[in-house]
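The structure appears right after this line, and notes come after that.
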Amino acid sequence: MKKFIAYVSVTFLALGAQAQGVVKPAPSVGGASTAAKAATPRSAAAVKVRHTAIGGTFLNARREPVAKIQAYAYMNDSIKASGFTDAAGKYETSNMMPGGYTLRFVYPKSGRRITVTGIPVKLRNVTMVNYTGIEPVGDSTFTYAELMPQAPAKK
């Protein structure tokens, strides 16, 4: 009965997203979780983000994309969204609520983890979290500010 309820919930969420104009692929093991591409707008100013997510690119130390890395988005010690990196190293964890998140990348073979804390997610924005580095010997933790330094203020 629990499996049936979970299936109904996932289906209901997917139908709700389609009704709002956001099409999200069905969750799958091993596939990337990405939002569907919209028609290309004429100008960058015309782009309007319709979903709330964390996304970015995962690269090794030689700046080559790493595929099949699992990305888990946590809020208050509970998983709120997840996704996999694709062949280009890109990932996205969609359909999230605004707030503060922790993102955990997990290597599939070794199970080693890279954790990024303090990620601010805003409504209708995709917060970018990019990682470039080696596979850690043990688990590693970074803050969002360490990975994504802010540009200096313009004078």
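Labels used: A, B, ... for chains in the order of the structure tokens, numbers from 1 for residues in each chain, and numbers from 1 for ligands as shown.
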
Open item on the list: I'd like the neighbourhood of Phe58 in chain A as a list in words, where a residue qualifies if any of its atoms comes within 7 Å (using only C-alpha atoms), though same-chain residues fewer than 5 positions away should be ignored.
Closed with: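 Once the adjacent positions are removed, what remains is Pro65, Val66, Gly89, Lys90, Asn130, Tyr131 and Thr132 of chain A.
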
- [ ] Please provide the set of residues having any atom within 8 Å of Leu103 in chain A, restricted to only C-alpha atoms, with same-chain residues fewer than 3 positions apart removed, written as a PyMOL selection string.
- [x] chain A and resi 71-74+115-117+119

Saved selection, atoms kept: C-alpha atoms, as a PDB file, in the first residue's frame:
ATOM      1  CA  ALA A  71      23.491  14.944  -5.942  1.00  0.00           C
ATOM      2  CA  TYR A  72      21.222  15.057  -2.862  1.00  0.00           C
ATOM      3  CA  ALA A  73      19.699  18.317  -1.598  1.00  0.00           C
ATOM      4  CA  TYR A  74      18.982  18.281   2.159  1.00  0.00           C
ATOM      5  CA  THR A 115      29.145  18.095   1.158  1.00  0.00           C
ATOM      6  CA  VAL A 116      28.393  21.761   0.453  1.00  0.00           C
ATOM      7  CA  THR A 117      26.609  23.614   3.265  1.00  0.00           C
ATOM      8  CA  ILE A 119      23.241  27.058  -0.032  1.00  0.00           C
TER       9      ILE A 119
END

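The gap separating CA of Val126 in chain A from CA of Arg62 in chain A is 25.8 Å, in Å to one decimal.
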
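Put simply, CA of Tyr91 in chain A is 6.3 Å away from CA of Thr57 in chain A.
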
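Taking CA of Gly100 in chain A and CA of Met128 in chain A as endpoints, the distance between them is 13.5 Å.
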